[in-house]
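Undergrad: mmCIF, C-alpha atoms, pLDDT in the B column; chains and numbers go by the auth columns, saved as entry_8.cif, coming up:
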```cif
data_protein
#
loop_
_atom_site.group_PDB
_atom_site.id
_atom_site.type_symbol
_atom_site.label_atom_id
_atom_site.label_comp_id
_atom_site.label_asym_id
_atom_site.label_seq_id
_atom_site.Cartn_x
_atom_site.Cartn_y
_atom_site.Cartn_z
_atom_site.B_iso_or_equiv
_atom_site.auth_seq_id
_atom_site.auth_asym_id
ATOM 1 C CA MET A 1 3.467 -73.861 -79.843 54.00 27 X
ATOM 2 C CA ASN A 2 2.654 -77.572 -79.616 46.00 28 X
ATOM 3 C CA LEU A 3 2.946 -80.083 -82.453 46.00 29 X
ATOM 4 C CA ALA A 4 -0.709 -79.911 -83.451 46.00 30 X
ATOM 5 C CA ARG A 5 -0.709 -76.132 -83.780 48.00 31 X
ATOM 6 C CA ARG A 6 2.612 -76.102 -85.647 54.00 32 X
ATOM 7 C CA THR A 7 1.133 -78.568 -88.120 55.00 33 X
ATOM 8 C CA MET A 8 -1.940 -76.399 -88.705 54.00 34 X
ATOM 9 C CA ASN A 9 0.290 -73.387 -89.381 58.00 35 X
ATOM 10 C CA ALA A 10 2.379 -75.191 -91.997 57.00 36 X
ATOM 11 C CA PRO A 11 2.052 -73.869 -95.571 67.00 37 X
ATOM 12 C CA ALA A 12 2.228 -77.415 -96.938 60.00 38 X
ATOM 13 C CA LEU A 13 -0.843 -78.459 -94.947 57.00 39 X
ATOM 14 C CA ALA A 14 -2.805 -75.436 -96.128 58.00 40 X
ATOM 15 C CA ALA A 15 -2.285 -76.591 -99.705 60.00 41 X
ATOM 16 C CA VAL A 16 -3.779 -80.066 -99.164 59.00 42 X
ATOM 17 C CA TYR A 17 -6.004 -79.554 -96.125 61.00 43 X
ATOM 18 C CA GLU A 18 -9.446 -79.707 -97.774 65.00 44 X
ATOM 19 C CA ARG A 19 -8.548 -82.121 -100.574 67.00 45 X
ATOM 20 C CA VAL A 20 -6.788 -84.775 -98.514 70.00 46 X
ATOM 21 C CA TRP A 21 -6.197 -84.059 -94.839 70.00 47 X
ATOM 22 C CA ARG A 22 -9.629 -83.054 -93.613 75.00 48 X
ATOM 23 C CA PRO A 23 -11.741 -85.645 -95.483 82.00 49 X
ATOM 24 C CA THR A 24 -9.459 -88.487 -94.387 86.00 50 X
ATOM 25 C CA VAL A 25 -8.915 -87.514 -90.756 85.00 51 X
ATOM 26 C CA PHE A 26 -12.524 -86.513 -90.118 83.00 52 X
ATOM 27 C CA TYR A 27 -13.902 -89.682 -91.685 85.00 53 X
ATOM 28 C CA LEU A 28 -11.683 -91.814 -89.466 89.00 54 X
ATOM 29 C CA ALA A 29 -12.687 -89.788 -86.394 88.00 55 X
ATOM 30 C CA THR A 30 -16.425 -89.556 -87.094 94.00 56 X
ATOM 31 C CA GLY A 31 -17.465 -92.016 -89.794 94.00 57 X
ATOM 32 C CA ARG A 32 -19.056 -89.072 -91.617 94.00 58 X
ATOM 33 C CA THR A 33 -18.286 -87.580 -95.004 93.00 59 X
ATOM 34 C CA THR A 34 -17.559 -83.937 -95.741 91.00 60 X
ATOM 35 C CA GLU A 35 -20.922 -83.742 -97.496 94.00 61 X
ATOM 36 C CA SER A 36 -22.673 -84.921 -94.322 95.00 62 X
ATOM 37 C CA ASP A 37 -20.882 -82.252 -92.299 96.00 63 X
ATOM 38 C CA ARG A 38 -21.845 -79.602 -94.838 96.00 64 X
ATOM 39 C CA ARG A 39 -25.501 -80.572 -94.575 97.00 65 X
ATOM 40 C CA PHE A 40 -25.194 -80.400 -90.799 97.00 66 X
ATOM 41 C CA ALA A 41 -23.770 -76.876 -91.071 97.00 67 X
ATOM 42 C CA VAL A 42 -26.550 -75.594 -93.315 98.00 68 X
ATOM 43 C CA ASP A 43 -29.328 -77.143 -91.234 97.00 69 X
ATOM 44 C CA SER A 44 -27.990 -76.455 -87.749 98.00 70 X
ATOM 45 C CA LEU A 45 -27.105 -72.818 -88.460 98.00 71 X
ATOM 46 C CA GLN A 46 -30.404 -72.195 -90.265 98.00 72 X
ATOM 47 C CA LEU A 47 -28.478 -70.408 -92.984 98.00 73 X
ATOM 48 C CA ASP A 48 -31.562 -69.530 -95.012 97.00 74 X
ATOM 49 C CA ARG A 49 -32.253 -66.769 -92.483 97.00 75 X
ATOM 50 C CA ALA A 50 -28.725 -65.981 -91.277 98.00 76 X
ATOM 51 C CA HIS A 51 -27.561 -62.681 -92.790 98.00 77 X
ATOM 52 C CA ARG A 52 -24.327 -62.408 -90.790 98.00 78 X
ATOM 53 C CA VAL A 53 -22.310 -65.575 -90.216 98.00 79 X
ATOM 54 C CA LEU A 54 -18.961 -66.101 -88.472 98.00 80 X
ATOM 55 C CA ASP A 55 -16.814 -69.156 -89.222 98.00 81 X
ATOM 56 C CA ILE A 56 -14.146 -69.486 -86.518 98.00 82 X
ATOM 57 C CA ALA A 57 -10.861 -71.251 -87.319 96.00 83 X
ATOM 58 C CA CYS A 58 -11.900 -71.226 -90.959 96.00 84 X
ATOM 59 C CA GLY A 59 -8.616 -72.642 -92.282 93.00 85 X
ATOM 60 C CA PRO A 60 -8.362 -72.414 -96.094 94.00 86 X
ATOM 61 C CA GLY A 61 -11.957 -71.238 -96.336 96.00 87 X
ATOM 62 C CA ASN A 62 -13.655 -74.130 -98.110 94.00 88 X
ATOM 63 C CA PHE A 63 -16.413 -74.356 -95.513 95.00 89 X
ATOM 64 C CA THR A 64 -16.661 -70.568 -95.328 98.00 90 X
ATOM 65 C CA HIS A 65 -17.228 -70.314 -99.059 97.00 91 X
ATOM 66 C CA PHE A 66 -19.731 -73.158 -98.943 97.00 92 X
ATOM 67 C CA LEU A 67 -21.675 -71.403 -96.172 98.00 93 X
ATOM 68 C CA SER A 68 -21.715 -68.198 -98.218 98.00 94 X
ATOM 69 C CA GLU A 69 -23.570 -70.037 -100.982 98.00 95 X
ATOM 70 C CA HIS A 70 -26.442 -70.831 -98.601 98.00 96 X
ATOM 71 C CA VAL A 71 -27.087 -67.495 -96.894 98.00 97 X
ATOM 72 C CA PRO A 72 -29.687 -65.026 -98.221 98.00 98 X
ATOM 73 C CA ALA A 73 -28.776 -62.816 -101.169 97.00 99 X
ATOM 74 C CA ASP A 74 -27.748 -59.989 -98.845 97.00 100 X
ATOM 75 C CA GLY A 75 -25.938 -62.334 -96.431 98.00 101 X
ATOM 76 C CA TYR A 76 -22.216 -62.400 -95.697 98.00 102 X
ATOM 77 C CA VAL A 77 -19.901 -64.965 -94.089 98.00 103 X
ATOM 78 C CA THR A 78 -16.722 -63.903 -92.295 98.00 104 X
ATOM 79 C CA GLY A 79 -13.986 -66.469 -91.798 98.00 105 X
ATOM 80 C CA ILE A 80 -11.425 -65.877 -89.071 98.00 106 X
ATOM 81 C CA ASP A 81 -8.222 -67.824 -88.493 97.00 107 X
ATOM 82 C CA PHE A 82 -4.880 -67.350 -86.737 95.00 108 X
ATOM 83 C CA SER A 83 -2.749 -69.070 -89.381 94.00 109 X
ATOM 84 C CA PRO A 84 -1.336 -66.806 -92.147 94.00 110 X
ATOM 85 C CA PRO A 85 -0.797 -69.731 -94.576 94.00 111 X
ATOM 86 C CA MET A 86 -4.386 -70.895 -94.123 94.00 112 X
ATOM 87 C CA LEU A 87 -5.734 -67.372 -94.654 96.00 113 X
ATOM 88 C CA ALA A 88 -3.567 -66.860 -97.736 95.00 114 X
ATOM 89 C CA ARG A 89 -5.080 -70.003 -99.220 94.00 115 X
ATOM 90 C CA ALA A 90 -8.593 -68.905 -98.198 96.00 116 X
ATOM 91 C CA ARG A 91 -8.249 -65.523 -99.876 96.00 117 X
ATOM 92 C CA ALA A 92 -6.749 -67.026 -103.017 96.00 118 X
ATOM 93 C CA ASP A 93 -9.178 -69.911 -103.447 94.00 119 X
ATOM 94 C CA ASN A 94 -12.367 -69.149 -101.526 96.00 120 X
ATOM 95 C CA GLY A 95 -13.147 -65.463 -101.655 95.00 121 X
ATOM 96 C CA GLY A 96 -16.322 -64.113 -103.195 95.00 122 X
ATOM 97 C CA PRO A 97 -18.998 -61.444 -102.953 97.00 123 X
ATOM 98 C CA ARG A 98 -20.451 -63.014 -99.803 98.00 124 X
ATOM 99 C CA ALA A 99 -17.296 -64.345 -98.135 98.00 125 X
ATOM 100 C CA GLY A 100 -14.284 -62.594 -96.622 98.00 126 X
ATOM 101 C CA TYR A 101 -11.460 -63.344 -94.210 98.00 127 X
ATOM 102 C CA VAL A 102 -9.699 -61.731 -91.264 98.00 128 X
ATOM 103 C CA ARG A 103 -6.821 -62.828 -89.069 98.00 129 X
ATOM 104 C CA GLY A 104 -7.579 -63.031 -85.386 97.00 130 X
ATOM 105 C CA ASP A 105 -7.483 -64.981 -82.150 97.00 131 X
ATOM 106 C CA ALA A 106 -10.614 -66.967 -81.297 97.00 132 X
ATOM 107 C CA ARG A 107 -10.144 -66.031 -77.657 97.00 133 X
ATOM 108 C CA TYR A 108 -10.381 -62.308 -78.413 98.00 134 X
ATOM 109 C CA LEU A 109 -12.772 -61.931 -81.320 98.00 135 X
ATOM 110 C CA PRO A 110 -12.503 -58.455 -82.898 98.00 136 X
ATOM 111 C CA PHE A 111 -16.271 -58.027 -83.149 98.00 137 X
ATOM 112 C CA ALA A 112 -18.940 -56.274 -81.112 98.00 138 X
ATOM 113 C CA ASP A 113 -21.443 -58.107 -78.950 98.00 139 X
ATOM 114 C CA ALA A 114 -24.374 -59.687 -80.827 98.00 140 X
ATOM 115 C CA SER A 115 -22.781 -59.095 -84.253 98.00 141 X
ATOM 116 C CA PHE A 116 -23.760 -62.373 -85.965 98.00 142 X
ATOM 117 C CA ASP A 117 -26.908 -64.367 -86.673 98.00 143 X
ATOM 118 C CA ALA A 118 -24.928 -67.625 -86.752 98.00 144 X
ATOM 119 C CA VAL A 119 -21.535 -68.586 -85.326 98.00 145 X
ATOM 120 C CA CYS A 120 -19.705 -71.853 -85.916 98.00 146 X
ATOM 121 C CA CYS A 121 -16.418 -73.567 -85.174 98.00 147 X
ATOM 122 C CA PHE A 122 -15.940 -76.882 -86.936 97.00 148 X
ATOM 123 C CA GLY A 123 -13.093 -79.156 -85.939 94.00 149 X
ATOM 124 C CA ALA A 124 -10.833 -76.667 -84.181 95.00 150 X
ATOM 125 C CA LEU A 125 -11.682 -76.055 -80.523 97.00 151 X
ATOM 126 C CA TYR A 126 -9.444 -78.937 -79.485 95.00 152 X
ATOM 127 C CA LEU A 127 -6.489 -77.026 -80.997 93.00 153 X
ATOM 128 C CA ILE A 128 -7.242 -73.577 -79.561 94.00 154 X
ATOM 129 C CA PRO A 129 -5.562 -72.524 -76.317 91.00 155 X
ATOM 130 C CA ASP A 130 -8.225 -71.783 -73.675 95.00 156 X
ATOM 131 C CA PRO A 131 -11.023 -73.364 -75.733 97.00 157 X
ATOM 132 C CA LEU A 132 -13.738 -72.522 -73.209 97.00 158 X
ATOM 133 C CA VAL A 133 -12.751 -68.864 -73.423 98.00 159 X
ATOM 134 C CA ALA A 134 -13.126 -69.141 -77.195 98.00 160 X
ATOM 135 C CA ALA A 135 -16.544 -70.770 -76.794 98.00 161 X
ATOM 136 C CA ARG A 136 -17.702 -67.925 -74.543 98.00 162 X
ATOM 137 C CA GLU A 137 -16.502 -65.456 -77.163 98.00 163 X
ATOM 138 C CA MET A 138 -18.647 -67.257 -79.722 98.00 164 X
ATOM 139 C CA ILE A 139 -21.660 -66.762 -77.463 98.00 165 X
ATOM 140 C CA ARG A 140 -20.796 -63.094 -76.874 98.00 166 X
ATOM 141 C CA VAL A 141 -20.885 -62.200 -80.567 98.00 167 X
ATOM 142 C CA LEU A 142 -24.066 -64.219 -81.224 98.00 168 X
ATOM 143 C CA ALA A 143 -27.221 -62.126 -81.667 98.00 169 X
ATOM 144 C CA PRO A 144 -30.490 -62.967 -79.877 98.00 170 X
ATOM 145 C CA GLY A 145 -32.302 -65.611 -81.862 98.00 171 X
ATOM 146 C CA GLY A 146 -29.009 -66.669 -83.474 98.00 172 X
ATOM 147 C CA ARG A 147 -27.672 -70.189 -83.837 98.00 173 X
ATOM 148 C CA ILE A 148 -24.340 -71.600 -82.663 98.00 174 X
ATOM 149 C CA ALA A 149 -22.814 -74.871 -83.862 98.00 175 X
ATOM 150 C CA ILE A 150 -19.562 -76.623 -82.994 98.00 176 X
ATOM 151 C CA THR A 151 -17.941 -79.898 -83.872 97.00 177 X
ATOM 152 C CA THR A 152 -15.101 -80.970 -81.638 97.00 178 X
ATOM 153 C CA SER A 153 -13.471 -83.949 -80.013 96.00 179 X
ATOM 154 C CA HIS A 154 -15.303 -86.268 -77.644 95.00 180 X
ATOM 155 C CA ARG A 155 -14.024 -88.789 -75.142 92.00 181 X
ATOM 156 C CA PRO A 156 -16.347 -91.273 -73.468 83.00 182 X
ATOM 157 C CA ASP A 157 -16.392 -91.521 -69.694 80.00 183 X
ATOM 158 C CA ASN A 158 -14.615 -94.861 -69.536 73.00 184 X
ATOM 159 C CA PRO A 159 -11.042 -96.264 -69.687 65.00 185 X
ATOM 160 C CA LEU A 160 -10.952 -95.918 -73.483 73.00 186 X
ATOM 161 C CA GLY A 161 -11.858 -92.261 -73.123 68.00 187 X
ATOM 162 C CA GLU A 162 -9.049 -91.706 -70.650 73.00 188 X
ATOM 163 C CA LEU A 163 -6.611 -93.451 -72.979 73.00 189 X
ATOM 164 C CA THR A 164 -7.607 -91.223 -75.903 77.00 190 X
ATOM 165 C CA ARG A 165 -7.262 -88.150 -73.701 74.00 191 X
ATOM 166 C CA VAL A 166 -3.717 -89.043 -72.658 66.00 192 X
ATOM 167 C CA THR A 167 -2.685 -90.093 -76.163 79.00 193 X
ATOM 168 C CA ALA A 168 -4.056 -86.962 -77.815 72.00 194 X
ATOM 169 C CA ALA A 169 -2.457 -84.700 -75.212 71.00 195 X
ATOM 170 C CA VAL A 170 1.004 -85.778 -76.360 75.00 196 X
ATOM 171 C CA SER A 171 0.518 -83.847 -79.612 78.00 197 X
ATOM 172 C CA GLY A 172 -1.408 -80.983 -78.003 81.00 198 X
ATOM 173 C CA LEU A 173 -4.946 -82.109 -78.856 90.00 199 X
ATOM 174 C CA ARG A 174 -7.697 -81.849 -76.242 94.00 200 X
ATOM 175 C CA MET A 175 -10.389 -84.470 -75.811 95.00 201 X
ATOM 176 C CA PHE A 176 -13.551 -83.036 -74.263 96.00 202 X
ATOM 177 C CA GLY A 177 -16.033 -84.840 -72.074 95.00 203 X
ATOM 178 C CA GLY A 178 -19.642 -85.131 -73.099 95.00 204 X
ATOM 179 C CA ARG A 179 -20.936 -82.515 -70.666 96.00 205 X
ATOM 180 C CA THR A 180 -18.346 -79.774 -71.282 97.00 206 X
ATOM 181 C CA PHE A 181 -20.110 -77.788 -73.990 98.00 207 X
ATOM 182 C CA PRO A 182 -23.751 -78.567 -73.197 98.00 208 X
ATOM 183 C CA ASP A 183 -23.115 -77.402 -69.628 98.00 209 X
ATOM 184 C CA LEU A 184 -21.281 -74.282 -70.824 98.00 210 X
ATOM 185 C CA PHE A 185 -24.113 -73.404 -73.214 98.00 211 X
ATOM 186 C CA THR A 186 -26.731 -73.990 -70.525 98.00 212 X
ATOM 187 C CA ALA A 187 -24.862 -71.787 -68.041 98.00 213 X
ATOM 188 C CA ALA A 188 -24.703 -69.037 -70.668 98.00 214 X
ATOM 189 C CA GLY A 189 -28.486 -69.130 -71.082 97.00 215 X
ATOM 190 C CA LEU A 190 -28.610 -70.780 -74.490 98.00 216 X
ATOM 191 C CA VAL A 191 -31.616 -72.932 -75.359 98.00 217 X
ATOM 192 C CA ASP A 192 -32.568 -75.743 -77.765 98.00 218 X
ATOM 193 C CA ILE A 193 -29.277 -77.455 -76.987 98.00 219 X
ATOM 194 C CA ASP A 194 -28.669 -80.597 -79.004 98.00 220 X
ATOM 195 C CA GLN A 195 -25.644 -82.889 -78.852 98.00 221 X
ATOM 196 C CA ARG A 196 -24.869 -85.793 -81.170 97.00 222 X
ATOM 197 C CA VAL A 197 -21.838 -88.036 -80.785 96.00 223 X
ATOM 198 C CA HIS A 198 -20.176 -89.785 -83.719 95.00 224 X
ATOM 199 C CA ARG A 199 -17.180 -91.913 -82.723 90.00 225 X
ATOM 200 C CA PHE A 200 -14.616 -89.477 -81.318 92.00 226 X
ATOM 201 C CA PHE A 201 -16.479 -86.277 -82.240 95.00 227 X
ATOM 202 C CA GLN A 202 -19.410 -84.388 -80.791 97.00 228 X
ATOM 203 C CA TYR A 203 -21.735 -82.060 -82.705 98.00 229 X
ATOM 204 C CA VAL A 204 -23.363 -79.478 -80.445 98.00 230 X
ATOM 205 C CA THR A 205 -25.880 -76.812 -81.434 98.00 231 X
ATOM 206 C CA ALA A 206 -27.892 -74.223 -79.530 98.00 232 X
ATOM 207 C CA THR A 207 -29.855 -70.981 -79.845 98.00 233 X
ATOM 208 C CA ARG A 208 -29.370 -67.682 -78.078 98.00 234 X
ATOM 209 C CA PRO A 209 -32.886 -66.805 -76.933 97.00 235 X
ATOM 210 C CA THR A 210 -34.658 -63.572 -77.680 94.00 236 X
ATOM 211 C CA ALA A 211 -35.881 -61.547 -74.712 79.00 237 X
ATOM 212 C CA GLY A 212 -39.314 -63.181 -74.814 66.00 238 X
ATOM 213 C CA ALA A 213 -37.939 -66.716 -75.069 59.00 239 X
ATOM 214 C CA ALA A 214 -35.374 -66.661 -72.238 49.00 240 X
ATOM 215 C CA GLY A 215 -35.454 -69.788 -70.114 45.00 241 X
ATOM 216 C CA ARG A 216 -37.075 -71.952 -72.829 43.00 242 X
ATOM 217 C CA GLY A 217 -35.846 -75.488 -73.364 41.00 243 X
ATOM 218 C CA THR A 218 -32.659 -75.418 -71.314 38.00 244 X
ATOM 219 C CA GLY A 219 -32.916 -79.009 -70.098 37.00 245 X
ATOM 220 C CA ARG A 220 -30.517 -81.851 -70.771 38.00 246 X
ATOM 221 C CA PRO A 221 -29.613 -81.867 -74.481 38.00 247 X
ATOM 222 C CA ALA A 222 -30.621 -84.612 -76.829 45.00 248 X
ATOM 223 C CA VAL A 223 -27.787 -87.070 -77.422 43.00 249 X
ATOM 224 C CA SER A 224 -27.620 -89.525 -80.292 41.00 250 X
ATOM 225 C CA GLY A 225 -25.204 -91.280 -82.586 44.00 251 X
ATOM 226 C CA ARG A 226 -23.079 -92.957 -79.921 38.00 252 X
ATOM 227 C CA GLY A 227 -20.890 -95.695 -81.308 37.00 253 X
ATOM 228 C CA VAL A 228 -21.521 -94.731 -84.942 29.00 254 X
#
```
Do you think you could lay out the structure here as structure tokens?

TA:
Amino acid sequence: MNLARRTMNAPALAAVYERVWRPTVFYLATGRTTESDRRFAVDSLQLDRAHRVLDIACGPGNFTHFLSEHVPADGYVTGIDFSPPMLARARADNGGPRAGYVRGDARYLPFADASFDAVCCFGALYLIPDPLVAAREMIRVLAPGGRIAITTSHRPDNPLGELTRVTAAVSGLRMFGGRTFPDLFTAAGLVDIDQRVHRFFQYVTATRPTAGAAGRGTGRPAVSGRGV
């Protein structure tokens, strides 16, 4: 297990992750606040009509619980994570009638095909071994008409991008190129693909088409926010 993954599995980090670690690190990496990211989650996942939501690499569950407050009255959000300390914190602090947690590997999701109306993974794919396998699993469990949203690392296609890739790799972090996830989503048949770049992070969303909408809007995704 590399340094980055050992850090995420540390009980001490689970205790301060949402109060200190995440707001600080993500602001430095993106220039965005936690509140901005929460608004992005609600809007991009279209939570007002998502009855079954999956939050991958949910950590201590703060985002999972927040999502559960924005689904319909009969909705439910499942958080999944590989770290026992993170899940212990999630169950203690962020349970509720519309939120629950399971331990599992993002590369082998323990759910049937098309199980969820919305699937997300915020700030974790760069830590997961075989991240593209995990992304394909996200698509597999997404129902037709459902929404997928990820936030993950981004490296520009220039010398600075190569430097960040090499530097991040020392600790086990992956820096993804701008085409990695839009191309993967397009190849999987997803539509309405949108990509926005904020500093060293990319925000990518898409829809799994229904049978009558297959092939709609699979062109090059919108890209904005570069250099923010």

Undergrad: Output as CSV one row per residue of segment 89-160 of chain X within 10 Å of segment 171-177 of chain X: the closest atom pair and its distance in Å to one decimal place, counting only C-alpha atoms, sorted by chain and residue number ascending.

TA:
```
residue,atom,partner,partner_atom,distance
X:Ala140,CA,X:Gly172,CA,8.8
X:Ser141,CA,X:Gly172,CA,9.8
X:Phe142,CA,X:Gly172,CA,7.2
X:Asp143,CA,X:Gly172,CA,4.5
X:Ala144,CA,X:Arg173,CA,4.8
X:Val145,CA,X:Ile174,CA,4.9
X:Cys146,CA,X:Ala175,CA,4.8
X:Cys147,CA,X:Ile176,CA,4.9
X:Phe148,CA,X:Thr177,CA,4.7
X:Gly149,CA,X:Thr177,CA,5.3
X:Ala150,CA,X:Thr177,CA,7.8
X:Leu151,CA,X:Thr177,CA,8.1
X:Tyr152,CA,X:Thr177,CA,9.6
```

Undergrad: Go through X:Pro136, X:Thr60, X:Gly105, X:Ala195 one by one, measure the shortest atom-to-atom distance of each to Val46 of chain X using all atoms listed in the file, and give the residue with the smallest value.

TA: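 Comparing X:Pro136, X:Thr60, X:Gly105, X:Ala195 against Val46 of chain X, the winner is X:Thr60.
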
Undergrad: Using all atoms listed in the file, which of X:Asp69, X:Asp218, X:Glu188, X:Asp139 sits nearest Leu168 of chain X?

TA: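 So, comparing all the options, the nearest one is X:Asp139.
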
Undergrad: So, with all atoms listed in the file as the atoms that count, which of X:His224, X:Arg234, X:Arg78, X:Arg117 lies closest to Thr104 of chain X?

TA: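 Between X:His224, X:Arg234, X:Arg78, X:Arg117, the residue approaching Thr104 of chain X most closely is X:Arg78.
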
Undergrad: What does the distance from atom CA of Asn88 of chain X to atom CA of Ala161 of chain X come to in Å, to one decimal?

TA: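 Computing the Euclidean distance for atom CA of Asn88 of chain X and atom CA of Ala161 of chain X yields 21.8 Å.
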
Undergrad: How many Å separate atom CA of Ala237 of chain X from atom CA of Arg222 of chain X?

TA: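 Between atom CA of Ala237 of chain X and atom CA of Arg222 of chain X the gap is 27.4 Å.
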
Undergrad: If the PyMOL selection byres ((chain X and resi 205) around 12) were run on this exact file, what residues would it hold? Put them as a PDB file with C-alpha atoms, in the coordinates of the input.

TA:
```pdb
ATOM      1  CA  HIS X 180     -15.303 -86.268 -77.644  1.00 95.00           C
ATOM      2  CA  ARG X 181     -14.024 -88.789 -75.142  1.00 92.00           C
ATOM      3  CA  PRO X 182     -16.347 -91.273 -73.468  1.00 83.00           C
ATOM      4  CA  ASP X 183     -16.392 -91.521 -69.694  1.00 80.00           C
ATOM      5  CA  MET X 201     -10.389 -84.470 -75.811  1.00 95.00           C
ATOM      6  CA  PHE X 202     -13.551 -83.036 -74.263  1.00 96.00           C
ATOM      7  CA  GLY X 203     -16.033 -84.840 -72.074  1.00 95.00           C
ATOM      8  CA  GLY X 204     -19.642 -85.131 -73.099  1.00 95.00           C
ATOM      9  CA  THR X 206     -18.346 -79.774 -71.282  1.00 97.00           C
ATOM     10  CA  PHE X 207     -20.110 -77.788 -73.990  1.00 98.00           C
ATOM     11  CA  PRO X 208     -23.751 -78.567 -73.197  1.00 98.00           C
ATOM     12  CA  ASP X 209     -23.115 -77.402 -69.628  1.00 98.00           C
ATOM     13  CA  LEU X 210     -21.281 -74.282 -70.824  1.00 98.00           C
ATOM     14  CA  PHE X 211     -24.113 -73.404 -73.214  1.00 98.00           C
ATOM     15  CA  THR X 212     -26.731 -73.990 -70.525  1.00 98.00           C
ATOM     16  CA  ALA X 213     -24.862 -71.787 -68.041  1.00 98.00           C
ATOM     17  CA  ILE X 219     -29.277 -77.455 -76.987  1.00 98.00           C
ATOM     18  CA  ASP X 220     -28.669 -80.597 -79.004  1.00 98.00           C
ATOM     19  CA  GLN X 221     -25.644 -82.889 -78.852  1.00 98.00           C
ATOM     20  CA  ARG X 222     -24.869 -85.793 -81.170  1.00 97.00           C
ATOM     21  CA  VAL X 223     -21.838 -88.036 -80.785  1.00 96.00           C
ATOM     22  CA  GLN X 228     -19.410 -84.388 -80.791  1.00 97.00           C
ATOM     23  CA  VAL X 230     -23.363 -79.478 -80.445  1.00 98.00           C
ATOM     24  CA  ARG X 246     -30.517 -81.851 -70.771  1.00 38.00           C
ATOM     25  CA  PRO X 247     -29.613 -81.867 -74.481  1.00 38.00           C
ATOM     26  CA  ALA X 248     -30.621 -84.612 -76.829  1.00 45.00           C
ATOM     27  CA  VAL X 249     -27.787 -87.070 -77.422  1.00 43.00           C
TER      28      VAL X 249
END
```

Undergrad: Please compute the atom CA of Ala169 of chain X-atom CA of Thr233 of chain X distance, one decimal, in Å.

TA: 9.4 Å
